[in-house]
Amino acid sequence: MSFFSTLWQFDMRADELFVLPALLGAGVFFLLAFLCGGLPALRAESAYLRQRKAFYDKYALQFSGTMLFAWCAALVVCLPTAARFLPLPPDPPTLHDLVDPRRAAYTVPALLALLSPLLWLAYISSWTALHRHRTAHLLIGLSALLSCLILFCLLTLLLLFIQHPYISLLLDENPSAALPAALREFAGNAVLWPPAAYFFFNGPAAAAALTRVRLILRRNKDDYGRDYYTFAARAAARSALFFTAAATAAAALLFLSLSASTAPEFSQMPEPGILLAAGGLPIICVLLHLACALDANPLRSKAGAFCACFLQLTAFCFQLTLLINTYPAA
């Protein structure tokens, strides 16, 4: 039985049906762009160190600016959404818990959540000061990316083992023993790899799509020349193309693995409209990114850049909705 055909049984408000999935999807979309989207920026700066081409340096700077924008957007969306829709845990951590060394399960993620944007800010603000010491500057960027990826891994483990006894050990009893056990369980269970890959690849895909839009919006203020913006538009389109295709493949693998491992009584038939949007919109995004990457004058693809970014966000929201509605116990 499809999702929409069962709604008559429930007294559901519009915010529960449409607003919450949209806000949740947008918040996670921006958060993943911040946590996992720094790879193309650091790759561009490392290319600048090898080839000394100024285009790579400017592109790394503008792509890094997208990271801070994604972090601010994630806060703007996630905090009001959590306060409005999500219930507080019965025993939320207090300030004493955060400074208590025995409650590392709360302290470490909180410190990483504060440290990551500060490191990205230091990375961007020191661009001119460390222009002659680019290896040191790149190390700051690598530290920022590493802190983001550690936070991403912790959040992913929390999501994957949310109904597992590891979470009780991790949050309340013995985090030092629970974390290695959860990592071993993840490494030995191939069923857990598709969701981790899906969320990881969506990060750089979202960051690259946002960068395409940011290049257009910042062109009048950061006028680096027509040749640079031709290079940057193609580079962002290629990154978005590759990571969107990888995220789409991971999403297909995720739903296939869930179909094989979820008991029939805990799943229901996917709604055709949601399924079509979740599978079709990423393909349109790939085609839009491909068109920009192959265009002799990619600066003409302004409408395509905005459309690809919007459709990518929409597709991600539909995919989360499809996941929740089809596999509510997954």
# chains A, B, ... in the order shown; residues from 1 in each chain; ligands from 1
>>> residues_around(residues="segment 215-220 of chain A", least_positions_apart="3", cutoff="8 Å", atoms="only C-alpha atoms", output="ChimeraX atom specification")
/A:62,211-212,223-224,229,232-233,302
>>> closest_atom_pairs(of="segment 205-312 of chain A", to="segment 187-197 of chain A", cutoff="10 Å", atoms="only C-alpha atoms", output="CSV")
residue,atom,partner,partner_atom,distance
A:Ala246,CA,A:Ala197,CA,8.6
A:Ala247,CA,A:Ala197,CA,7.4
A:Ala249,CA,A:Pro194,CA,9.3
A:Ala250,CA,A:Pro194,CA,5.7
A:Ala251,CA,A:Pro194,CA,7.3
A:Ala252,CA,A:Pro194,CA,8.8
A:Leu253,CA,A:Pro194,CA,6.2
A:Leu254,CA,A:Pro194,CA,4.9
A:Phe255,CA,A:Pro194,CA,8.7
A:Leu256,CA,A:Pro194,CA,9.6
A:Ser257,CA,A:Val191,CA,6.6
A:Leu258,CA,A:Val191,CA,8.2
A:Ala260,CA,A:Val191,CA,9.8
A:Ser261,CA,A:Val191,CA,8.3
>>> write_last_selection(atoms="C-alpha atoms", output="tab-separated table (two decimals), in the first residue's frame")
chain	number	residue	atom	x	y	z
A	246	ALA	CA	28.30	9.09	-7.05
A	247	ALA	CA	25.59	10.10	-4.55
A	249	ALA	CA	24.58	5.53	-7.33
A	250	ALA	CA	24.98	5.25	-3.54
A	251	ALA	CA	21.29	6.11	-3.09
A	252	ALA	CA	20.27	3.34	-5.51
A	253	LEU	CA	22.53	0.90	-3.68
A	254	LEU	CA	21.08	2.03	-0.35
A	255	PHE	CA	17.47	1.37	-1.39
A	256	LEU	CA	18.38	-1.97	-2.96
A	257	SER	CA	20.16	-3.08	0.22
A	258	LEU	CA	17.23	-1.94	2.37
A	260	ALA	CA	16.82	-7.00	0.63
A	261	SER	CA	17.39	-6.63	4.38
>>> residues_around(residues="Thr135 of chain A", least_positions_apart="5", cutoff="12 Å", atoms="only C-alpha atoms", output="ChimeraX atom specification")
/A:42,45-50,123,127,130,140-142
>>> write_last_selection(atoms="N, CA and C atoms", output="PDB file, in the first residue's frame")
ATOM      1  N   LEU A  42      40.494  22.016  -1.088  1.00  0.00           N
ATOM      2  CA  LEU A  42      41.867  21.648  -0.752  1.00  0.00           C
ATOM      3  C   LEU A  42      42.575  21.023  -1.951  1.00  0.00           C
ATOM      4  N   GLU A  45      43.779  23.975  -3.982  1.00  0.00           N
ATOM      5  CA  GLU A  45      44.969  24.643  -3.436  1.00  0.00           C
ATOM      6  C   GLU A  45      46.215  23.776  -3.582  1.00  0.00           C
ATOM      7  N   SER A  46      46.067  22.478  -3.418  1.00  0.00           N
ATOM      8  CA  SER A  46      47.223  21.603  -3.636  1.00  0.00           C
ATOM      9  C   SER A  46      47.670  21.653  -5.098  1.00  0.00           C
ATOM     10  N   ALA A  47      46.716  21.792  -6.034  1.00  0.00           N
ATOM     11  CA  ALA A  47      47.081  21.959  -7.438  1.00  0.00           C
ATOM     12  C   ALA A  47      47.813  23.278  -7.653  1.00  0.00           C
ATOM     13  N   TYR A  48      47.418  24.313  -6.911  1.00  0.00           N
ATOM     14  CA  TYR A  48      48.128  25.589  -7.005  1.00  0.00           C
ATOM     15  C   TYR A  48      49.565  25.448  -6.505  1.00  0.00           C
ATOM     16  N   LEU A  49      49.774  24.694  -5.441  1.00  0.00           N
ATOM     17  CA  LEU A  49      51.127  24.499  -4.938  1.00  0.00           C
ATOM     18  C   LEU A  49      52.002  23.773  -5.953  1.00  0.00           C
ATOM     19  N   ARG A  50      51.408  22.863  -6.725  1.00  0.00           N
ATOM     20  CA  ARG A  50      52.186  22.113  -7.705  1.00  0.00           C
ATOM     21  C   ARG A  50      52.424  22.914  -8.985  1.00  0.00           C
ATOM     22  N   TYR A 123      41.322  29.492   8.052  1.00  0.00           N
ATOM     23  CA  TYR A 123      41.855  29.112   6.745  1.00  0.00           C
ATOM     24  C   TYR A 123      41.595  30.200   5.713  1.00  0.00           C
ATOM     25  N   TRP A 127      44.469  33.755   4.182  1.00  0.00           N
ATOM     26  CA  TRP A 127      44.865  33.521   2.792  1.00  0.00           C
ATOM     27  C   TRP A 127      45.963  34.491   2.359  1.00  0.00           C
ATOM     28  N   LEU A 130      49.346  34.285   4.845  1.00  0.00           N
ATOM     29  CA  LEU A 130      50.203  33.117   4.635  1.00  0.00           C
ATOM     30  C   LEU A 130      50.418  32.832   3.154  1.00  0.00           C
ATOM     31  N   ILE A 140      46.374  24.168   7.689  1.00  0.00           N
ATOM     32  CA  ILE A 140      45.194  24.679   8.405  1.00  0.00           C
ATOM     33  C   ILE A 140      43.921  24.162   7.741  1.00  0.00           C
ATOM     34  N   GLY A 141      43.900  24.196   6.403  1.00  0.00           N
ATOM     35  CA  GLY A 141      42.733  23.668   5.696  1.00  0.00           C
ATOM     36  C   GLY A 141      42.534  22.185   5.921  1.00  0.00           C
ATOM     37  N   LEU A 142      43.620  21.433   5.934  1.00  0.00           N
ATOM     38  CA  LEU A 142      43.514  20.001   6.204  1.00  0.00           C
ATOM     39  C   LEU A 142      43.006  19.742   7.621  1.00  0.00           C
TER      40      LEU A 142
END
>>> residues_around(residues="Ala303 of chain A", least_positions_apart="6", cutoff="12 Å", atoms="only C-alpha atoms", output="list in words")
Arg212, Val213, Ile216, Leu288, His289, Ala291, Cys292, Cys309, Phe310 and Leu311 of chain A
>>> residues_around(residues="segment 66-72 of chain A", least_positions_apart="4", cutoff="8 Å", atoms="only C-alpha atoms", output="ChimeraX atom specification")
/A:30-31,33-34,37-38,62,76,117,120-121,207,210-211,214
>>> closest_residue(among="A:Ala110, A:Cys78, A:Ala182, A:Leu61", to="Phe29 of chain A", atoms="only C-alpha atoms")
A:Cys78
>>> closest_residue(among="A:Phe63, A:Thr248, A:Phe201, A:Leu23", to="Leu79 of chain A", atoms="only C-alpha atoms")
A:Leu23
>>> closest_residue(among="A:Leu320, A:Val28, A:Ala22, A:Phe231", to="Ala296 of chain A", atoms="only C-alpha atoms")
A:Phe231
>>> closest_residue(among="A:Thr230, A:Thr107, A:Ser301, A:Gln312", to="Cys285 of chain A", atoms="only C-alpha atoms")
A:Gln312
>>> residues_around(residues="Ser239 of chain A", least_positions_apart="6", cutoff="9 Å", atoms="only C-alpha atoms", output="PyMOL selection string")
chain A and resi 40+204-205+208-209+289
>>> write_last_selection(atoms="C-alpha atoms", output="PDB file, in the first residue's frame")
ATOM      1  CA  PRO A  40      37.498  20.185  -3.914  1.00  0.00           C
ATOM      2  CA  PRO A 204      30.756  17.661  -1.982  1.00  0.00           C
ATOM      3  CA  ALA A 205      27.882  17.511  -4.479  1.00  0.00           C
ATOM      4  CA  ALA A 208      29.897  22.266  -5.623  1.00  0.00           C
ATOM      5  CA  ALA A 209      26.318  23.109  -6.634  1.00  0.00           C
ATOM      6  CA  HIS A 289      26.107  20.063 -14.601  1.00  0.00           C
TER       7      HIS A 289
END
>>> atom_distance(atom1="atom CA of Ala113 of chain A", atom2="atom CA of Leu145 of chain A")
12.2 Å
>>> atom_distance(atom1="atom CA of Val108 of chain A", atom2="atom CA of Ile324 of chain A")
28.8 Å
>>> select_by_dssp(residues="segment 250-308 of chain A", states="helix (DSSP H, G or I)", output="PDB file with N, CA and C atoms, in the first residue's frame")
ATOM      1  N   ALA A 250      25.041   5.708  -4.929  1.00  0.00           N
ATOM      2  CA  ALA A 250      24.978   5.253  -3.544  1.00  0.00           C
ATOM      3  C   ALA A 250      23.541   5.188  -3.048  1.00  0.00           C
ATOM      4  N   ALA A 251      22.702   6.139  -3.484  1.00  0.00           N
ATOM      5  CA  ALA A 251      21.289   6.112  -3.092  1.00  0.00           C
ATOM      6  C   ALA A 251      20.593   4.872  -3.653  1.00  0.00           C
ATOM      7  N   ALA A 252      20.866   4.539  -4.922  1.00  0.00           N
ATOM      8  CA  ALA A 252      20.270   3.339  -5.510  1.00  0.00           C
ATOM      9  C   ALA A 252      20.732   2.090  -4.771  1.00  0.00           C
ATOM     10  N   LEU A 253      22.019   2.045  -4.435  1.00  0.00           N
ATOM     11  CA  LEU A 253      22.535   0.902  -3.683  1.00  0.00           C
ATOM     12  C   LEU A 253      21.918   0.831  -2.296  1.00  0.00           C
ATOM     13  N   LEU A 254      21.696   1.999  -1.679  1.00  0.00           N
ATOM     14  CA  LEU A 254      21.079   2.031  -0.351  1.00  0.00           C
ATOM     15  C   LEU A 254      19.672   1.447  -0.383  1.00  0.00           C
ATOM     16  N   PHE A 255      18.849   1.862  -1.338  1.00  0.00           N
ATOM     17  CA  PHE A 255      17.472   1.372  -1.391  1.00  0.00           C
ATOM     18  C   PHE A 255      17.420  -0.103  -1.785  1.00  0.00           C
ATOM     19  N   LEU A 256      18.333  -0.545  -2.625  1.00  0.00           N
ATOM     20  CA  LEU A 256      18.379  -1.968  -2.959  1.00  0.00           C
ATOM     21  C   LEU A 256      18.774  -2.800  -1.748  1.00  0.00           C
ATOM     22  N   SER A 257      19.747  -2.337  -0.970  1.00  0.00           N
ATOM     23  CA  SER A 257      20.164  -3.081   0.216  1.00  0.00           C
ATOM     24  C   SER A 257      19.070  -3.087   1.275  1.00  0.00           C
ATOM     25  N   LEU A 258      18.333  -1.972   1.403  1.00  0.00           N
ATOM     26  CA  LEU A 258      17.233  -1.939   2.365  1.00  0.00           C
ATOM     27  C   LEU A 258      16.101  -2.869   1.931  1.00  0.00           C
ATOM     28  N   SER A 259      15.828  -2.920   0.633  1.00  0.00           N
ATOM     29  CA  SER A 259      14.784  -3.818   0.142  1.00  0.00           C
ATOM     30  C   SER A 259      15.117  -5.271   0.443  1.00  0.00           C
ATOM     31  N   ALA A 260      16.414  -5.618   0.392  1.00  0.00           N
ATOM     32  CA  ALA A 260      16.819  -7.001   0.630  1.00  0.00           C
ATOM     33  C   ALA A 260      16.914  -7.353   2.105  1.00  0.00           C
ATOM     34  N   SER A 261      17.139  -6.331   2.965  1.00  0.00           N
ATOM     35  CA  SER A 261      17.394  -6.625   4.377  1.00  0.00           C
ATOM     36  C   SER A 261      16.247  -6.255   5.308  1.00  0.00           C
ATOM     37  N   PRO A 264       9.265  -7.506   5.289  1.00  0.00           N
ATOM     38  CA  PRO A 264       8.120  -6.901   4.584  1.00  0.00           C
ATOM     39  C   PRO A 264       7.161  -6.176   5.516  1.00  0.00           C
ATOM     40  N   GLU A 265       6.988  -6.678   6.750  1.00  0.00           N
ATOM     41  CA  GLU A 265       6.044  -6.028   7.659  1.00  0.00           C
ATOM     42  C   GLU A 265       6.525  -4.661   8.131  1.00  0.00           C
ATOM     43  N   PHE A 266       7.823  -4.355   7.928  1.00  0.00           N
ATOM     44  CA  PHE A 266       8.351  -3.066   8.356  1.00  0.00           C
ATOM     45  C   PHE A 266       8.559  -2.108   7.180  1.00  0.00           C
ATOM     46  N   PRO A 272       4.636   6.387  -5.920  1.00  0.00           N
ATOM     47  CA  PRO A 272       5.241   6.581  -7.253  1.00  0.00           C
ATOM     48  C   PRO A 272       5.729   8.001  -7.496  1.00  0.00           C
ATOM     49  N   GLY A 273       4.975   9.015  -7.039  1.00  0.00           N
ATOM     50  CA  GLY A 273       5.393  10.394  -7.262  1.00  0.00           C
ATOM     51  C   GLY A 273       6.688  10.725  -6.550  1.00  0.00           C
ATOM     52  N   ILE A 274       6.801  10.296  -5.284  1.00  0.00           N
ATOM     53  CA  ILE A 274       8.028  10.547  -4.527  1.00  0.00           C
ATOM     54  C   ILE A 274       9.188   9.761  -5.128  1.00  0.00           C
ATOM     55  N   LEU A 275       8.922   8.520  -5.521  1.00  0.00           N
ATOM     56  CA  LEU A 275       9.969   7.697  -6.123  1.00  0.00           C
ATOM     57  C   LEU A 275      10.473   8.308  -7.428  1.00  0.00           C
ATOM     58  N   LEU A 276       9.564   8.823  -8.244  1.00  0.00           N
ATOM     59  CA  LEU A 276       9.957   9.437  -9.512  1.00  0.00           C
ATOM     60  C   LEU A 276      10.793  10.686  -9.283  1.00  0.00           C
ATOM     61  N   ALA A 277      10.388  11.511  -8.311  1.00  0.00           N
ATOM     62  CA  ALA A 277      11.151  12.727  -8.024  1.00  0.00           C
ATOM     63  C   ALA A 277      12.509  12.398  -7.437  1.00  0.00           C
ATOM     64  N   ALA A 278      12.552  11.413  -6.518  1.00  0.00           N
ATOM     65  CA  ALA A 278      13.812  11.054  -5.880  1.00  0.00           C
ATOM     66  C   ALA A 278      14.813  10.475  -6.861  1.00  0.00           C
ATOM     67  N   GLY A 279      14.327   9.762  -7.877  1.00  0.00           N
ATOM     68  CA  GLY A 279      15.233   9.174  -8.859  1.00  0.00           C
ATOM     69  C   GLY A 279      15.455  10.021 -10.087  1.00  0.00           C
ATOM     70  N   GLY A 280      14.459  10.836 -10.460  1.00  0.00           N
ATOM     71  CA  GLY A 280      14.573  11.599 -11.694  1.00  0.00           C
ATOM     72  C   GLY A 280      15.273  12.936 -11.548  1.00  0.00           C
ATOM     73  N   LEU A 281      15.062  13.620 -10.421  1.00  0.00           N
ATOM     74  CA  LEU A 281      15.679  14.933 -10.254  1.00  0.00           C
ATOM     75  C   LEU A 281      17.206  14.881 -10.245  1.00  0.00           C
ATOM     76  N   PRO A 282      17.847  13.890  -9.585  1.00  0.00           N
ATOM     77  CA  PRO A 282      19.315  13.843  -9.660  1.00  0.00           C
ATOM     78  C   PRO A 282      19.834  13.667 -11.089  1.00  0.00           C
ATOM     79  N   ILE A 283      19.095  12.927 -11.914  1.00  0.00           N
ATOM     80  CA  ILE A 283      19.517  12.749 -13.318  1.00  0.00           C
ATOM     81  C   ILE A 283      19.462  14.087 -14.047  1.00  0.00           C
ATOM     82  N   ILE A 284      18.419  14.880 -13.783  1.00  0.00           N
ATOM     83  CA  ILE A 284      18.345  16.214 -14.387  1.00  0.00           C
ATOM     84  C   ILE A 284      19.510  17.080 -13.912  1.00  0.00           C
ATOM     85  N   CYS A 285      19.847  16.980 -12.619  1.00  0.00           N
ATOM     86  CA  CYS A 285      20.982  17.748 -12.096  1.00  0.00           C
ATOM     87  C   CYS A 285      22.279  17.353 -12.791  1.00  0.00           C
ATOM     88  N   VAL A 286      22.481  16.053 -12.981  1.00  0.00           N
ATOM     89  CA  VAL A 286      23.689  15.584 -13.669  1.00  0.00           C
ATOM     90  C   VAL A 286      23.749  16.160 -15.076  1.00  0.00           C
ATOM     91  N   LEU A 287      22.635  16.174 -15.788  1.00  0.00           N
ATOM     92  CA  LEU A 287      22.608  16.711 -17.143  1.00  0.00           C
ATOM     93  C   LEU A 287      22.892  18.212 -17.153  1.00  0.00           C
ATOM     94  N   LEU A 288      22.369  18.940 -16.169  1.00  0.00           N
ATOM     95  CA  LEU A 288      22.625  20.380 -16.100  1.00  0.00           C
ATOM     96  C   LEU A 288      24.094  20.665 -15.800  1.00  0.00           C
ATOM     97  N   HIS A 289      24.683  19.893 -14.888  1.00  0.00           N
ATOM     98  CA  HIS A 289      26.107  20.063 -14.601  1.00  0.00           C
ATOM     99  C   HIS A 289      26.953  19.688 -15.825  1.00  0.00           C
ATOM    100  N   LEU A 290      26.556  18.631 -16.507  1.00  0.00           N
ATOM    101  CA  LEU A 290      27.288  18.207 -17.700  1.00  0.00           C
ATOM    102  C   LEU A 290      27.224  19.269 -18.795  1.00  0.00           C
ATOM    103  N   ALA A 291      26.057  19.880 -18.959  1.00  0.00           N
ATOM    104  CA  ALA A 291      25.910  20.922 -19.972  1.00  0.00           C
ATOM    105  C   ALA A 291      26.835  22.097 -19.683  1.00  0.00           C
ATOM    106  N   CYS A 292      26.977  22.461 -18.422  1.00  0.00           N
ATOM    107  CA  CYS A 292      27.872  23.564 -18.059  1.00  0.00           C
ATOM    108  C   CYS A 292      29.327  23.170 -18.273  1.00  0.00           C
ATOM    109  N   ALA A 293      29.684  21.945 -17.893  1.00  0.00           N
ATOM    110  CA  ALA A 293      31.072  21.502 -18.038  1.00  0.00           C
ATOM    111  C   ALA A 293      31.503  21.436 -19.499  1.00  0.00           C
ATOM    112  N   LEU A 294      30.564  21.167 -20.411  1.00  0.00           N
ATOM    113  CA  LEU A 294      30.891  21.042 -21.829  1.00  0.00           C
ATOM    114  C   LEU A 294      30.660  22.326 -22.616  1.00  0.00           C
ATOM    115  N   PRO A 298      30.592  28.713 -20.308  1.00  0.00           N
ATOM    116  CA  PRO A 298      29.749  28.291 -19.184  1.00  0.00           C
ATOM    117  C   PRO A 298      29.151  29.442 -18.396  1.00  0.00           C
ATOM    118  N   LEU A 299      29.638  30.670 -18.604  1.00  0.00           N
ATOM    119  CA  LEU A 299      29.058  31.810 -17.899  1.00  0.00           C
ATOM    120  C   LEU A 299      27.623  32.088 -18.340  1.00  0.00           C
ATOM    121  N   ARG A 300      27.228  31.522 -19.469  1.00  0.00           N
ATOM    122  CA  ARG A 300      25.843  31.701 -19.912  1.00  0.00           C
ATOM    123  C   ARG A 300      24.873  30.812 -19.149  1.00  0.00           C
ATOM    124  N   LYS A 302      23.725  30.607 -16.205  1.00  0.00           N
ATOM    125  CA  LYS A 302      23.290  31.123 -14.903  1.00  0.00           C
ATOM    126  C   LYS A 302      21.998  30.450 -14.450  1.00  0.00           C
ATOM    127  N   ALA A 303      21.020  30.399 -15.341  1.00  0.00           N
ATOM    128  CA  ALA A 303      19.757  29.752 -14.983  1.00  0.00           C
ATOM    129  C   ALA A 303      19.978  28.278 -14.685  1.00  0.00           C
ATOM    130  N   GLY A 304      20.866  27.625 -15.432  1.00  0.00           N
ATOM    131  CA  GLY A 304      21.154  26.220 -15.175  1.00  0.00           C
ATOM    132  C   GLY A 304      21.801  25.998 -13.826  1.00  0.00           C
ATOM    133  N   ALA A 305      22.672  26.932 -13.404  1.00  0.00           N
ATOM    134  CA  ALA A 305      23.321  26.800 -12.099  1.00  0.00           C
ATOM    135  C   ALA A 305      22.310  26.901 -10.970  1.00  0.00           C
ATOM    136  N   PHE A 306      21.437  27.911 -11.037  1.00  0.00           N
ATOM    137  CA  PHE A 306      20.418  28.063  -9.988  1.00  0.00           C
ATOM    138  C   PHE A 306      19.450  26.887 -10.006  1.00  0.00           C
ATOM    139  N   CYS A 307      19.054  26.460 -11.183  1.00  0.00           N
ATOM    140  CA  CYS A 307      18.111  25.348 -11.298  1.00  0.00           C
ATOM    141  C   CYS A 307      18.731  24.057 -10.779  1.00  0.00           C
ATOM    142  N   ALA A 308      19.994  23.790 -11.118  1.00  0.00           N
ATOM    143  CA  ALA A 308      20.656  22.570 -10.659  1.00  0.00           C
ATOM    144  C   ALA A 308      20.786  22.546  -9.144  1.00  0.00           C
TER     145      ALA A 308
END
>>> atom_distance(atom1="atom CA of Pro109 of chain A", atom2="atom CA of Ala144 of chain A")
14.2 Å
>>> closest_residue(among="A:Leu39, A:Ala136, A:Val77, A:Ala237", to="Gly27 of chain A", atoms="only C-alpha atoms")
A:Val77
>>> decode(residues="segment 304-327 of chain A", atoms="N, CA and C atoms", output="mmCIF file, in the first residue's frame")
data_model
loop_
_atom_site.group_PDB
_atom_site.id
_atom_site.type_symbol
_atom_site.label_atom_id
_atom_site.label_comp_id
_atom_site.auth_asym_id
_atom_site.auth_seq_id
_atom_site.Cartn_x
_atom_site.Cartn_y
_atom_site.Cartn_z
ATOM 1 N N GLY A 304 20.866 27.625 -15.432
ATOM 2 C CA GLY A 304 21.154 26.220 -15.175
ATOM 3 C C GLY A 304 21.801 25.998 -13.826
ATOM 4 N N ALA A 305 22.672 26.932 -13.404
ATOM 5 C CA ALA A 305 23.321 26.800 -12.099
ATOM 6 C C ALA A 305 22.310 26.901 -10.970
ATOM 7 N N PHE A 306 21.437 27.911 -11.037
ATOM 8 C CA PHE A 306 20.418 28.063 -9.988
ATOM 9 C C PHE A 306 19.450 26.887 -10.006
ATOM 10 N N CYS A 307 19.054 26.460 -11.183
ATOM 11 C CA CYS A 307 18.111 25.348 -11.298
ATOM 12 C C CYS A 307 18.731 24.057 -10.779
ATOM 13 N N ALA A 308 19.994 23.790 -11.118
ATOM 14 C CA ALA A 308 20.656 22.570 -10.659
ATOM 15 C C ALA A 308 20.786 22.546 -9.144
ATOM 16 N N CYS A 309 21.126 23.690 -8.550
ATOM 17 C CA CYS A 309 21.262 23.745 -7.087
ATOM 18 C C CYS A 309 19.912 23.512 -6.403
ATOM 19 N N PHE A 310 18.870 24.167 -6.916
ATOM 20 C CA PHE A 310 17.536 23.996 -6.325
ATOM 21 C C PHE A 310 17.037 22.562 -6.482
ATOM 22 N N LEU A 311 17.221 21.998 -7.678
ATOM 23 C CA LEU A 311 16.760 20.632 -7.913
ATOM 24 C C LEU A 311 17.559 19.626 -7.085
ATOM 25 N N GLN A 312 18.839 19.918 -6.844
ATOM 26 C CA GLN A 312 19.643 19.024 -6.026
ATOM 27 C C GLN A 312 19.139 19.011 -4.584
ATOM 28 N N LEU A 313 18.828 20.175 -4.054
ATOM 29 C CA LEU A 313 18.247 20.257 -2.718
ATOM 30 C C LEU A 313 16.883 19.572 -2.680
ATOM 31 N N THR A 314 16.061 19.797 -3.681
ATOM 32 C CA THR A 314 14.737 19.172 -3.732
ATOM 33 C C THR A 314 14.841 17.658 -3.820
ATOM 34 N N ALA A 315 15.761 17.176 -4.650
ATOM 35 C CA ALA A 315 15.942 15.731 -4.788
ATOM 36 C C ALA A 315 16.373 15.108 -3.467
ATOM 37 N N PHE A 316 17.253 15.778 -2.750
ATOM 38 C CA PHE A 316 17.704 15.254 -1.458
ATOM 39 C C PHE A 316 16.542 15.168 -0.475
ATOM 40 N N CYS A 317 15.680 16.179 -0.450
ATOM 41 C CA CYS A 317 14.509 16.146 0.437
ATOM 42 C C CYS A 317 13.572 15.000 0.053
ATOM 43 N N PHE A 318 13.358 14.787 -1.234
ATOM 44 C CA PHE A 318 12.499 13.692 -1.678
ATOM 45 C C PHE A 318 13.112 12.340 -1.330
ATOM 46 N N GLN A 319 14.420 12.225 -1.437
ATOM 47 C CA GLN A 319 15.067 10.953 -1.098
ATOM 48 C C GLN A 319 14.941 10.643 0.383
ATOM 49 N N LEU A 320 15.108 11.654 1.236
ATOM 50 C CA LEU A 320 14.912 11.426 2.672
ATOM 51 C C LEU A 320 13.461 11.059 2.973
ATOM 52 N N THR A 321 12.529 11.738 2.307
ATOM 53 C CA THR A 321 11.114 11.415 2.505
ATOM 54 C C THR A 321 10.814 9.999 2.062
ATOM 55 N N LEU A 322 11.366 9.589 0.924
ATOM 56 C CA LEU A 322 11.161 8.229 0.431
ATOM 57 C C LEU A 322 11.742 7.208 1.405
ATOM 58 N N LEU A 323 12.908 7.499 1.954
ATOM 59 C CA LEU A 323 13.543 6.595 2.899
ATOM 60 C C LEU A 323 12.697 6.419 4.153
ATOM 61 N N ILE A 324 12.222 7.544 4.700
ATOM 62 C CA ILE A 324 11.454 7.496 5.941
ATOM 63 C C ILE A 324 10.104 6.827 5.723
ATOM 64 N N ASN A 325 9.440 7.138 4.599
ATOM 65 C CA ASN A 325 8.096 6.615 4.363
ATOM 66 C C ASN A 325 8.093 5.154 3.934
ATOM 67 N N THR A 326 9.131 4.733 3.209
ATOM 68 C CA THR A 326 9.171 3.358 2.708
ATOM 69 C C THR A 326 9.740 2.402 3.731
ATOM 70 N N TYR A 327 10.736 2.872 4.505
ATOM 71 C CA TYR A 327 11.384 2.018 5.498
ATOM 72 C C TYR A 327 11.361 2.718 6.848
#
